[in-house]
$ cat structure_35.cif   # mmCIF, C-alpha atoms
data_entry
loop_
_atom_site.label_atom_id
_atom_site.label_comp_id
_atom_site.auth_asym_id
_atom_site.auth_seq_id
_atom_site.Cartn_x
_atom_site.Cartn_y
_atom_site.Cartn_z
CA MET A 191 77.60 82.88 96.81
CA ARG A 192 75.67 83.96 99.89
CA ALA A 193 75.39 87.74 100.21
CA PRO A 194 77.37 88.51 103.38
CA ASP A 195 75.17 91.36 104.57
CA ARG A 196 74.53 89.40 107.77
CA LEU A 197 76.87 87.08 109.60
CA ALA A 198 75.44 84.22 111.60
CA SER A 199 77.95 85.03 114.36
CA VAL A 200 81.59 85.92 114.63
CA LYS A 201 84.23 86.36 117.30
CA VAL A 202 86.38 89.39 116.52
CA LEU A 203 89.93 90.23 117.62
CA VAL A 204 91.08 93.82 117.12
CA ILE A 205 94.80 94.55 117.18
CA GLY A 206 95.86 97.94 118.56
CA GLY A 207 95.26 100.22 121.48
CA GLY A 208 94.43 103.75 120.33
CA ALA A 209 91.33 105.85 119.79
CA ARG A 210 90.94 104.37 116.30
CA GLU A 211 90.77 100.87 117.79
CA HIS A 212 88.38 102.09 120.50
CA ALA A 213 86.11 103.48 117.78
CA LEU A 214 86.29 100.17 115.91
CA CYS A 215 85.59 98.19 119.08
CA ARG A 216 82.70 100.45 120.00
CA ALA A 217 81.10 99.95 116.58
CA LEU A 218 81.72 96.20 116.66
CA SER A 219 80.29 95.93 120.19
CA LEU A 220 77.01 97.36 118.87
CA ASP A 221 76.85 94.79 116.05
CA PRO A 222 74.44 91.95 116.95
CA ASP A 223 76.46 89.50 114.85
CA VAL A 224 79.55 89.89 117.05
CA THR A 225 79.32 87.20 119.73
CA ALA A 226 82.64 87.97 121.44
CA LEU A 227 84.96 90.95 121.15
CA HIS A 228 88.65 90.88 122.04
CA CYS A 229 91.40 93.48 121.72
CA ALA A 230 95.18 93.28 122.07
CA PRO A 231 96.69 95.17 123.75
CA GLY A 232 93.81 97.66 124.06
CA ASN A 233 93.57 100.47 126.62
CA ALA A 234 91.53 101.52 129.64
CA GLY A 235 88.52 102.56 127.56
CA ILE A 236 88.50 99.56 125.24
CA ALA A 237 88.42 97.33 128.34
CA GLU A 238 84.82 98.48 128.87
CA VAL A 239 83.63 96.87 125.62
CA ALA A 240 86.18 94.13 124.86
CA GLU A 241 88.27 91.55 126.67
CA LEU A 242 91.91 92.64 126.62
CA HIS A 243 94.96 90.48 125.95
CA GLN A 244 98.65 91.23 126.10
CA VAL A 245 100.50 90.55 122.86
CA ASP A 246 103.30 92.12 120.87
CA ALA A 247 101.29 93.69 118.07
CA LEU A 248 104.32 93.54 115.75
CA ASP A 249 104.79 89.79 116.24
CA GLY A 250 102.69 88.12 113.56
CA ALA A 251 103.19 84.62 114.96
CA ALA A 252 102.06 85.73 118.43
CA VAL A 253 98.99 87.50 117.05
CA ALA A 254 98.09 84.43 114.96
CA ARG A 255 98.46 82.17 118.02
CA LEU A 256 96.20 84.43 120.07
CA ALA A 257 93.57 84.52 117.31
CA THR A 258 93.69 80.73 117.06
CA GLU A 259 93.36 80.27 120.83
CA LEU A 260 90.38 82.64 120.89
CA GLU A 261 88.81 80.87 117.88
CA ALA A 262 88.42 84.28 116.25
CA GLY A 263 86.45 84.37 113.03
CA LEU A 264 87.81 87.80 112.09
CA VAL A 265 90.97 89.71 113.00
CA VAL A 266 91.10 93.46 112.41
CA VAL A 267 94.60 94.97 112.41
CA GLY A 268 94.29 98.63 113.32
CA PRO A 269 97.70 100.35 113.31
CA GLU A 270 100.08 100.79 110.40
CA ALA A 271 103.23 99.35 112.00
CA PRO A 272 101.85 95.79 112.41
CA LEU A 273 100.54 95.88 108.83
CA VAL A 274 103.92 96.92 107.45
CA ALA A 275 105.48 94.19 109.63
CA GLY A 276 103.30 91.54 107.94
CA VAL A 277 100.99 90.69 110.83
CA ALA A 278 97.97 90.31 108.53
CA ASP A 279 99.90 87.76 106.44
CA ALA A 280 100.63 85.64 109.52
CA VAL A 281 96.96 85.66 110.54
CA ARG A 282 95.81 84.65 107.07
CA ASP A 283 98.46 81.94 106.93
CA ALA A 284 96.82 80.52 110.08
CA GLY A 285 93.56 80.22 108.14
CA ILE A 286 91.77 83.12 109.86
CA PRO A 287 90.06 85.91 107.89
CA CYS A 288 91.94 89.16 108.46
CA PHE A 289 90.97 92.74 107.65
CA GLY A 290 94.20 94.47 106.72
CA PRO A 291 96.55 94.46 103.73
CA SER A 292 99.58 92.23 103.27
CA ARG A 293 103.06 93.45 104.10
CA GLU A 294 103.78 94.13 100.42
CA ALA A 295 100.53 96.04 99.86
CA ALA A 296 100.95 98.00 103.11
CA GLU A 297 104.09 99.54 101.61
CA LEU A 298 101.60 101.98 100.10
CA GLU A 299 101.86 103.63 103.52
CA GLY A 300 105.19 102.20 104.60
CA SER A 301 107.08 103.94 101.78
CA LYS A 302 106.01 107.23 100.25
CA ALA A 303 108.37 106.57 97.36
CA PHE A 304 106.56 103.28 96.66
CA ALA A 305 103.21 105.08 96.82
CA LYS A 306 104.43 107.66 94.31
CA ASP A 307 105.54 104.85 91.98
CA VAL A 308 102.12 103.17 92.21
CA MET A 309 100.33 106.46 91.56
CA ALA A 310 102.48 107.16 88.52
CA ALA A 311 101.74 103.72 87.09
CA ALA A 312 98.01 104.07 87.78
CA ASN A 313 97.85 107.66 86.48
CA VAL A 314 96.56 108.89 89.85
CA PRO A 315 96.77 112.69 90.26
CA THR A 316 99.27 113.72 92.94
CA ALA A 317 101.91 116.33 93.68
CA ARG A 318 105.11 116.44 91.62
CA SER A 319 107.94 115.09 93.75
CA TYR A 320 111.54 113.99 94.07
CA VAL A 321 112.85 111.03 96.07
CA CYS A 322 116.13 112.13 97.68
CA THR A 323 118.87 110.29 99.53
CA THR A 324 121.80 112.76 99.43
CA PRO A 325 122.24 116.40 100.53
CA GLU A 326 122.84 117.35 96.90
CA GLU A 327 119.56 115.79 95.78
CA ILE A 328 117.77 117.46 98.70
CA ASP A 329 119.13 120.89 97.81
CA HIS A 330 118.14 120.43 94.17
CA ALA A 331 114.58 119.42 95.06
CA LEU A 332 114.07 122.23 97.57
CA ASP A 333 115.35 124.74 95.03
CA ALA A 334 113.17 123.30 92.28
CA PHE A 335 109.90 123.66 94.22
CA GLY A 336 110.60 126.66 96.43
CA ALA A 337 108.60 127.70 99.49
CA PRO A 338 106.47 126.53 101.14
CA TYR A 339 108.60 123.40 101.37
CA VAL A 340 106.94 119.98 101.80
CA VAL A 341 109.32 117.35 103.18
CA LYS A 342 108.16 113.81 103.98
CA ASP A 343 110.05 111.01 105.68
CA ASP A 344 109.84 108.06 103.31
CA GLY A 345 108.98 105.59 106.09
CA LEU A 346 106.48 105.37 108.93
CA ALA A 347 106.67 108.30 111.34
CA ALA A 348 103.46 108.04 113.41
CA GLY A 349 101.91 111.02 111.64
CA LYS A 350 104.82 113.32 112.49
CA GLY A 351 107.24 112.72 109.61
CA VAL A 352 105.96 115.58 107.45
CA VAL A 353 107.25 119.15 107.65
CA VAL A 354 105.56 121.97 105.75
CA THR A 355 107.48 125.20 106.25
CA GLY A 356 108.64 128.38 104.61
CA ASP A 357 111.98 128.08 106.39
CA LEU A 358 114.57 126.61 104.01
CA SER A 359 117.00 125.67 106.78
CA ALA A 360 114.27 123.85 108.76
CA ALA A 361 113.16 121.98 105.65
CA ARG A 362 116.73 120.96 104.83
CA GLU A 363 117.45 119.88 108.42
CA HIS A 364 114.37 117.64 108.49
CA ALA A 365 115.18 116.17 105.08
CA ILE A 366 118.74 115.26 106.02
CA ALA A 367 117.60 113.75 109.33
CA CYS A 368 115.16 111.46 107.49
CA GLY A 369 117.75 109.75 105.32
CA ARG A 370 115.47 108.80 102.42
CA VAL A 371 112.95 111.55 101.88
CA VAL A 372 110.22 112.66 99.46
CA ILE A 373 110.19 116.37 98.64
CA GLU A 374 107.20 117.58 96.72
CA GLU A 375 105.35 120.64 95.51
CA PHE A 376 102.96 122.37 97.90
CA LEU A 377 99.30 121.70 97.17
CA ASP A 378 96.85 124.54 97.73
CA GLY A 379 93.24 124.14 98.80
CA PRO A 380 91.37 122.35 101.59
CA GLU A 381 92.26 118.79 102.59
CA VAL A 382 89.84 115.87 102.71
CA SER A 383 90.19 112.33 104.04
CA LEU A 384 88.33 109.57 102.22
CA PHE A 385 88.37 105.94 103.38
CA ALA A 386 87.50 102.98 101.19
CA ILE A 387 87.03 99.34 102.11
CA THR A 388 88.30 96.93 99.49
CA ASP A 389 88.81 93.20 99.02
CA GLY A 390 91.46 93.79 96.36
CA THR A 391 88.96 94.10 93.52
CA THR A 392 85.77 95.81 94.67
CA VAL A 393 86.15 99.24 96.30
CA VAL A 394 83.46 100.65 98.62
CA PRO A 395 84.07 104.28 99.63
CA LEU A 396 82.95 105.58 103.01
CA GLN A 397 81.89 109.14 103.79
CA PRO A 398 84.53 111.89 103.60
CA ALA A 399 85.88 113.69 106.64
CA GLN A 400 88.27 116.53 107.38
CA ASP A 401 90.92 116.39 110.07
CA PHE A 402 93.12 119.03 111.68
CA LYS A 403 96.83 118.21 111.70
CA ARG A 404 98.31 121.31 113.34
CA ALA A 405 98.54 121.44 117.13
CA LEU A 406 97.09 124.92 117.65
CA ASP A 407 93.99 126.89 116.69
CA GLY A 408 94.04 128.51 113.29
CA ASP A 409 96.21 125.71 111.90
CA GLU A 410 99.25 127.03 113.73
CA GLY A 411 101.98 125.06 115.48
CA PRO A 412 103.67 121.78 114.58
CA ASN A 413 102.15 118.85 112.71
CA THR A 414 100.57 116.18 114.90
CA GLY A 415 98.83 112.86 114.41
CA GLY A 416 95.55 114.81 114.31
CA MET A 417 93.76 117.09 116.80
CA GLY A 418 90.17 116.60 115.66
CA ALA A 419 87.88 115.84 112.74
CA TYR A 420 84.34 116.22 111.44
CA SER A 421 81.93 114.69 108.94
CA PRO A 422 80.04 115.34 106.68
CA LEU A 423 81.62 118.14 104.66
CA PRO A 424 78.80 120.54 103.74
CA TRP A 425 81.12 122.57 101.49
CA ALA A 426 82.35 119.64 99.39
CA ASP A 427 81.14 118.88 95.88
CA PRO A 428 78.45 116.15 96.05
CA LYS A 429 80.29 114.37 93.23
CA LEU A 430 83.58 114.26 95.17
CA VAL A 431 83.31 110.65 96.38
CA ASP A 432 82.43 109.30 92.94
CA GLU A 433 85.25 111.32 91.36
CA VAL A 434 87.83 110.05 93.85
CA LEU A 435 86.61 106.47 93.47
CA GLU A 436 87.04 106.69 89.71
CA SER A 437 90.31 108.62 89.52
CA VAL A 438 92.16 107.55 92.69
CA LEU A 439 90.85 104.59 94.67
CA GLN A 440 89.87 102.08 91.99
CA PRO A 441 92.96 102.70 89.81
CA THR A 442 95.24 102.26 92.84
CA VAL A 443 93.61 98.98 93.85
CA ASP A 444 93.71 97.77 90.25
CA GLU A 445 97.41 98.62 89.93
CA LEU A 446 98.34 96.78 93.13
CA ARG A 447 96.41 93.72 91.97
CA ARG A 448 98.18 93.94 88.59
CA ARG A 449 101.52 93.87 90.43
CA GLY A 450 100.55 90.67 92.23
CA THR A 451 100.17 92.40 95.61
CA PRO A 452 96.41 92.89 95.96
CA PHE A 453 95.35 95.38 98.62
CA ALA A 454 92.56 94.05 100.85
CA GLY A 455 91.60 96.20 103.82
CA LEU A 456 91.17 99.91 104.40
CA LEU A 457 92.63 102.27 101.82
CA TYR A 458 92.86 105.84 103.10
CA ALA A 459 93.35 108.69 100.64
CA GLY A 460 94.49 112.04 101.99
CA LEU A 461 93.41 114.55 99.35
CA ALA A 462 93.90 118.20 98.51
CA ILE A 463 91.11 119.94 96.60
CA THR A 464 93.36 122.23 94.59
CA SER A 465 92.71 124.88 91.96
CA ARG A 466 93.77 122.23 89.42
CA GLY A 467 91.49 119.52 90.79
CA VAL A 468 91.80 116.67 93.31
CA ARG A 469 95.36 115.61 94.17
CA VAL A 470 96.50 112.78 96.47
CA ILE A 471 98.65 113.99 99.37
CA GLU A 472 99.24 110.52 100.82
CA PHE A 473 97.87 107.02 101.17
CA ASN A 474 97.44 105.15 104.42
CA ALA A 475 96.85 101.40 104.69
CA ARG A 476 94.44 101.55 107.65
CA PHE A 477 91.68 103.59 109.25
CA GLY A 478 92.92 107.11 110.00
CA ASP A 479 92.84 108.68 113.43
CA PRO A 480 90.89 110.88 114.27
CA GLU A 481 88.73 110.61 111.14
CA THR A 482 87.64 107.06 112.02
CA GLN A 483 85.87 108.38 115.09
CA VAL A 484 83.51 110.60 113.09
CA VAL A 485 83.05 108.32 110.08
CA LEU A 486 82.05 105.30 112.17
CA ALA A 487 79.77 107.48 114.30
CA ARG A 488 77.72 108.05 111.13
CA LEU A 489 77.77 104.51 109.72
CA ARG A 490 74.43 102.75 110.13
CA THR A 491 75.37 99.43 108.45
CA PRO A 492 76.69 96.90 111.01
CA LEU A 493 80.47 96.93 110.76
CA ALA A 494 81.48 93.28 111.23
CA GLY A 495 79.80 92.01 108.07
CA VAL A 496 81.48 94.68 105.95
CA LEU A 497 84.97 93.98 107.31
CA HIS A 498 84.46 90.22 107.03
CA ALA A 499 83.25 90.50 103.43
CA ALA A 500 86.40 92.45 102.55
CA ALA A 501 88.58 89.88 104.33
CA VAL A 502 87.11 86.93 102.41
CA GLY A 503 86.74 88.56 99.00
CA GLU A 504 82.95 88.92 98.98
CA LEU A 505 82.58 92.69 99.07
CA ALA A 506 80.76 92.82 95.72
CA ALA A 507 77.88 90.84 97.25
CA LEU A 508 77.19 93.44 99.92
CA PRO A 509 74.20 95.77 99.66
CA PRO A 510 75.05 99.49 99.63
CA LEU A 511 76.17 100.98 102.94
CA THR A 512 73.67 103.11 104.82
CA TRP A 513 74.49 106.27 106.75
CA ARG A 514 72.93 108.36 109.48
CA ASP A 515 71.95 111.93 108.63
CA ASP A 516 73.68 113.15 111.80
CA ALA A 517 76.88 115.16 111.76
CA ALA A 518 79.82 114.10 113.93
CA VAL A 519 82.70 116.01 115.50
CA THR A 520 85.65 114.68 117.48
CA VAL A 521 88.05 116.76 119.58
CA VAL A 522 91.39 115.32 120.71
CA VAL A 523 92.57 115.98 124.26
CA ALA A 524 96.36 115.77 124.30
CA SER A 525 98.99 115.62 127.01
CA HIS A 526 101.15 118.51 128.14
CA ASN A 527 103.93 119.21 125.59
CA TYR A 528 102.38 117.12 122.79
CA PRO A 529 103.61 116.59 120.02
CA GLY A 530 107.05 116.94 121.62
CA THR A 531 107.85 114.68 124.56
CA PRO A 532 104.44 114.36 126.21
CA ARG A 533 104.00 114.07 129.94
CA THR A 534 102.30 110.85 131.02
CA GLY A 535 101.00 109.35 134.25
CA ASP A 536 98.53 112.14 135.06
CA PRO A 537 95.10 111.12 136.41
CA ILE A 538 92.08 111.77 134.20
CA ASP A 539 88.89 113.02 135.85
CA GLY A 540 85.38 113.59 134.53
CA LEU A 541 85.00 110.47 132.40
CA ARG A 542 82.06 109.24 134.46
CA ASP A 543 80.45 112.69 134.21
CA VAL A 544 80.54 112.52 130.41
CA ALA A 545 79.08 109.01 130.44
CA GLU A 546 76.27 110.05 132.79
CA GLN A 547 75.42 113.49 131.41
CA ASP A 548 76.31 113.51 127.71
CA ALA A 549 75.60 109.99 126.42
CA PRO A 550 74.46 108.85 123.94
CA HIS A 551 75.15 111.99 121.91
CA ALA A 552 78.70 112.43 123.19
CA TYR A 553 81.21 109.88 124.41
CA VAL A 554 84.92 109.46 125.09
CA LEU A 555 87.22 107.23 123.05
CA HIS A 556 90.52 106.40 124.73
CA ALA A 557 93.85 106.71 122.93
CA GLY A 558 96.83 106.94 125.29
CA THR A 559 95.42 105.72 128.61
CA ARG A 560 96.05 103.01 131.16
CA ALA A 561 94.23 101.85 134.30
CA GLU A 562 96.01 101.81 137.65
CA ASP A 563 94.53 101.31 141.13
CA GLY A 564 91.02 102.08 139.95
CA ARG A 565 91.99 105.28 138.15
CA VAL A 566 92.56 106.11 134.51
CA LEU A 567 95.94 107.73 133.78
CA SER A 568 97.41 109.34 130.68
CA ALA A 569 99.84 107.10 128.82
CA GLY A 570 100.61 108.89 125.56
CA GLY A 571 100.55 112.11 123.60
CA ARG A 572 96.98 112.02 122.31
CA VAL A 573 95.06 110.84 125.37
CA LEU A 574 91.36 110.98 124.47
CA SER A 575 89.03 111.68 121.56
CA VAL A 576 85.73 113.22 122.59
CA THR A 577 83.19 112.42 119.88
CA ALA A 578 79.69 113.86 119.55
CA THR A 579 76.84 113.69 117.06
CA GLY A 580 74.10 116.17 116.31
CA SER A 581 71.53 117.19 113.74
CA ASP A 582 74.18 119.44 112.19
CA LEU A 583 77.82 120.36 112.76
CA ALA A 584 76.92 123.24 115.07
CA GLN A 585 75.04 120.96 117.45
CA ALA A 586 77.70 118.25 117.26
CA ARG A 587 80.42 120.84 118.07
CA LYS A 588 78.45 122.19 121.01
CA ARG A 589 78.01 118.70 122.45
CA ALA A 590 81.64 117.74 121.87
CA TYR A 591 83.07 120.79 123.59
CA ALA A 592 80.59 120.54 126.47
CA ALA A 593 81.91 117.03 127.09
CA VAL A 594 85.54 118.17 126.76
CA ALA A 595 84.88 120.77 129.45
CA ARG A 596 83.96 118.03 131.94
CA ILE A 597 87.32 116.29 131.56
CA GLY A 598 90.16 117.10 133.92
CA LEU A 599 93.75 116.32 132.87
CA ASP A 600 96.50 118.50 134.28
CA GLY A 601 98.38 120.40 131.57
CA SER A 602 96.21 119.01 128.77
CA GLN A 603 95.59 120.84 125.52
CA HIS A 604 93.00 120.78 122.78
CA ARG A 605 92.02 122.89 119.81
CA THR A 606 88.91 125.05 120.20
CA ASP A 607 88.20 125.51 116.49
CA ILE A 608 87.49 121.97 115.25
CA ALA A 609 84.76 122.19 112.55
CA ARG A 610 84.02 125.83 113.44
CA THR A 611 84.41 127.26 109.95
CA ALA A 612 82.32 124.49 108.39
CA ALA A 613 79.63 124.83 111.06
CA GLU A 614 79.42 128.56 110.44
CA GLY A 615 78.95 127.96 106.73
#

$ encode --input "structure_35.cif" --output "C-alpha cells"
Amino acid sequence: MRAPDRLASVKVLVIGGGAREHALCRALSLDPDVTALHCAPGNAGIAEVAELHQVDALDGAAVARLATELEAGLVVVGPEAPLVAGVADAVRDAGIPCFGPSREAAELEGSKAFAKDVMAAANVPTARSYVCTTPEEIDHALDAFGAPYVVKDDGLAAGKGVVVTGDLSAAREHAIACGRVVIEEFLDGPEVSLFAITDGTTVVPLQPAQDFKRALDGDEGPNTGGMGAYSPLPWADPKLVDEVLESVLQPTVDELRRRGTPFAGLLYAGLAITSRGVRVIEFNARFGDPETQVVLARLRTPLAGVLHAAAVGELAALPPLTWRDDAAVTVVVASHNYPGTPRTGDPIDGLRDVAEQDAPHAYVLHAGTRAEDGRVLSAGGRVLSVTATGSDLAQARKRAYAAVARIGLDGSQHRTDIARTAAEG
C-alpha cells in the first residue's frame, strides 16, 4: 500500500457555506496537491479561493451528480445536517471518496440519546443522564439532578438546543418544547474541544482547542453556536490528548465499527475536565465551528492528503501530523440580536483593510455573508470569524482584535474576552 502522505493531484469539492467551510477551503487552497477547489453553496469569502456552485446540500443525489460532473477526487461534507441526511453515503455510492460519516454513524451527533447508548456500550466516561419523552419523565429527571439544570434537545439544533440554567421553570419549558430530550447532571470544570480524524479503524487526534459558547463576556448570556476559540491550551495536562484518545475516541470508533456502522470522518469530542476526570459532554460528527478556524491555522501537514487517506481507509499509512508552534485565536463577529432573530442584509466594511494591513497574521473567514452589487452583506447570525496567529496567545489576541476593530457592521456584536484568561496565565 502506498503511503498517502502526498497525493499526485486531486480536485476537491467542499459542501457547506459557513466559517468552518471557509477555513477548510483556505487550508485546501494552500495545499499544492489540490489542483481545483470547488464549494457548494459557499459564501462571499469562499468565492475568493474556490469556485462556487448552487446545490441543495441536503440532497445527496444532487451533491453526487455535482461531484461527478466536476470529476472530484474528494468530497468533504462540512455541516452536520447533510451528514445526518446521508449525503456522504450518496457520494460514496457514486464511487467518489468522501470525508464524512455515513447517515447511521452521524447519528452520534444527530441523536444525543444514541450517543449516550454508544458511550455506555464503549465504557466512555460521560455525565449521568435520562432520556425523557413525557412531562412526568422530565420532572423526575430535573428533580433527580437538581440545579444547575442541563437540558439537551435530542436532535440537531444548530448549536442552540442546549439550555444550562438554575431556573427550574426555564429548564422544564425548554425540555417540553423539545419533545424528546436528554437531561443530565451538570459537569464542573473547564471545557475542551478535541477533534480526531478517523477512517473507521485508525484514529488520529488533532490539537485541542477551547471555544466560548455564551454570547456575552464573562460567559454570560444565552448559548450560541460559538463566539470564539483559541489553541493551544497552555493550562491543559500534556497527557490530555493521549488520555482522551485511549478512553474516549478509540473506544467510540471501535464500538461503532462493532455495530456495523463504522465512523469515517471527523469525530469531535466536547469534553469537561471535571474534578472526577475527563467526561464527554457531547459528540459531533464534523469539524466544529469556531474551533476549526484555530486548529487548522496551526496545522502544518497539508490537509488534502489527510482527509483523502481517511476517506479511503489508509489513515494508518500516514506519517505523524506536524504542527506550527504558533498560537491561534478566532473572534466571531455576529449580527444584531444574535442568537435570537438576527438582522441580515447589512453591508460589511473594512474587509479590504484587514487583508491589506493584517495579513498574513490575521484574516477574515466568512460565515453568514453574501455578495450583492459588489458589496458583501450579512446573511446570518454569525457573520465573520476573525482569525489571527502569533508567537503566543497574547500576540494572537492582540492581532485578532486589531483586525476586528477594522470591520464595520451596523449593530454587530462580539466578545472581548476570547482567550484572555489563558493569555494572562

$ resolve_selection --input "structure_35.cif" --expression "the PyMOL selection byres ((chain A and resi 458) around 9)" --output "PyMOL selection string"
chain A and resi 383-387+439+456-457+459-460+472-478

$ residues_around --input "structure_35.cif" --residues "Ala549 (chain A)" --least-positions-apart "3" --cutoff "12 Å" --atoms "all atoms listed in the file" --output "short mmCIF file (atom, residue, chain, number, x, y, z; two decimals) with C-alpha atoms, keeping the file's coordinate frame"
data_model
loop_
_atom_site.label_atom_id
_atom_site.label_comp_id
_atom_site.auth_asym_id
_atom_site.auth_seq_id
_atom_site.Cartn_x
_atom_site.Cartn_y
_atom_site.Cartn_z
CA LEU A 541 85.00 110.47 132.40
CA ARG A 542 82.06 109.24 134.46
CA ASP A 543 80.45 112.69 134.21
CA VAL A 544 80.54 112.52 130.41
CA ALA A 545 79.08 109.01 130.44
CA GLU A 546 76.27 110.05 132.79
CA ALA A 552 78.70 112.43 123.19
CA TYR A 553 81.21 109.88 124.41
CA VAL A 554 84.92 109.46 125.09
CA VAL A 576 85.73 113.22 122.59
CA THR A 577 83.19 112.42 119.88
CA ALA A 578 79.69 113.86 119.55
CA THR A 579 76.84 113.69 117.06
CA GLY A 580 74.10 116.17 116.31
CA ARG A 589 78.01 118.70 122.45
CA ALA A 590 81.64 117.74 121.87
CA ALA A 592 80.59 120.54 126.47
CA ALA A 593 81.91 117.03 127.09
#

$ resolve_selection --input "structure_35.cif" --expression "the PyMOL selection byres ((chain A and resi 253-259) around 12)" --output "PyMOL selection string"
chain A and resi 201-206+227-231+242-252+260-267+272-273+275-288

$ atom_distance --input "structure_35.cif" --atom1 "CA of Ser568 (chain A)" --atom2 "CA of Val352 (chain A)"
25.5 Å

$ residues_around --input "structure_35.cif" --residues "region 353-359 of chain A" --least-positions-apart "2" --cutoff "12 Å" --atoms "all atoms listed in the file" --output "PyMOL selection string"
chain A and resi 328-329+331-333+335-343+347+349-351+361-368+371-377+403-404+409-414

$ resolve_selection --input "structure_35.cif" --expression "the PyMOL selection byres ((chain A and resi 556) around 12)" --output "MDAnalysis selection string"
chainID A and resid 206:216 232:239 479:480 483 521:524 538 541 553:555 557:561 566:577

$ write_last_selection --input "structure_35.cif" --atoms "C-alpha atoms" --output "mmCIF file, in the frame of the given file"
data_model
loop_
_atom_site.group_PDB
_atom_site.id
_atom_site.type_symbol
_atom_site.label_atom_id
_atom_site.label_comp_id
_atom_site.auth_asym_id
_atom_site.auth_seq_id
_atom_site.Cartn_x
_atom_site.Cartn_y
_atom_site.Cartn_z
ATOM 1 C CA GLY A 206 95.860 97.940 118.560
ATOM 2 C CA GLY A 207 95.260 100.220 121.480
ATOM 3 C CA GLY A 208 94.430 103.750 120.330
ATOM 4 C CA ALA A 209 91.330 105.850 119.790
ATOM 5 C CA ARG A 210 90.940 104.370 116.300
ATOM 6 C CA GLU A 211 90.770 100.870 117.790
ATOM 7 C CA HIS A 212 88.380 102.090 120.500
ATOM 8 C CA ALA A 213 86.110 103.480 117.780
ATOM 9 C CA LEU A 214 86.290 100.170 115.910
ATOM 10 C CA CYS A 215 85.590 98.190 119.080
ATOM 11 C CA ARG A 216 82.700 100.450 120.000
ATOM 12 C CA GLY A 232 93.810 97.660 124.060
ATOM 13 C CA ASN A 233 93.570 100.470 126.620
ATOM 14 C CA ALA A 234 91.530 101.520 129.640
ATOM 15 C CA GLY A 235 88.520 102.560 127.560
ATOM 16 C CA ILE A 236 88.500 99.560 125.240
ATOM 17 C CA ALA A 237 88.420 97.330 128.340
ATOM 18 C CA GLU A 238 84.820 98.480 128.870
ATOM 19 C CA VAL A 239 83.630 96.870 125.620
ATOM 20 C CA ASP A 479 92.840 108.680 113.430
ATOM 21 C CA PRO A 480 90.890 110.880 114.270
ATOM 22 C CA GLN A 483 85.870 108.380 115.090
ATOM 23 C CA VAL A 521 88.050 116.760 119.580
ATOM 24 C CA VAL A 522 91.390 115.320 120.710
ATOM 25 C CA VAL A 523 92.570 115.980 124.260
ATOM 26 C CA ALA A 524 96.360 115.770 124.300
ATOM 27 C CA ILE A 538 92.080 111.770 134.200
ATOM 28 C CA LEU A 541 85.000 110.470 132.400
ATOM 29 C CA TYR A 553 81.210 109.880 124.410
ATOM 30 C CA VAL A 554 84.920 109.460 125.090
ATOM 31 C CA LEU A 555 87.220 107.230 123.050
ATOM 32 C CA ALA A 557 93.850 106.710 122.930
ATOM 33 C CA GLY A 558 96.830 106.940 125.290
ATOM 34 C CA THR A 559 95.420 105.720 128.610
ATOM 35 C CA ARG A 560 96.050 103.010 131.160
ATOM 36 C CA ALA A 561 94.230 101.850 134.300
ATOM 37 C CA VAL A 566 92.560 106.110 134.510
ATOM 38 C CA LEU A 567 95.940 107.730 133.780
ATOM 39 C CA SER A 568 97.410 109.340 130.680
ATOM 40 C CA ALA A 569 99.840 107.100 128.820
ATOM 41 C CA GLY A 570 100.610 108.890 125.560
ATOM 42 C CA GLY A 571 100.550 112.110 123.600
ATOM 43 C CA ARG A 572 96.980 112.020 122.310
ATOM 44 C CA VAL A 573 95.060 110.840 125.370
ATOM 45 C CA LEU A 574 91.360 110.980 124.470
ATOM 46 C CA SER A 575 89.030 111.680 121.560
ATOM 47 C CA VAL A 576 85.730 113.220 122.590
ATOM 48 C CA THR A 577 83.190 112.420 119.880
#

$ atom_distance --input "structure_35.cif" --atom1 "CA of Ala517 (chain A)" --atom2 "CA of Asp432 (chain A)"
20.5 Å

$ atom_distance --input "structure_35.cif" --atom1 "CA of Arg370 (chain A)" --atom2 "CA of Ala311 (chain A)"
21.2 Å

$ residues_around --input "structure_35.cif" --residues "Arg447 (chain A)" --least-positions-apart "3" --cutoff "12 Å" --atoms "only C-alpha atoms" --output "list in words"
Pro291, Ser292, Glu294, Ala295, Val308, Ala312, Thr388, Asp389, Gly390, Thr391, Thr392, Gln440, Pro441, Thr442, Val443, Asp444, Gly450, Thr451, Pro452, Phe453 and Ala454 of chain A
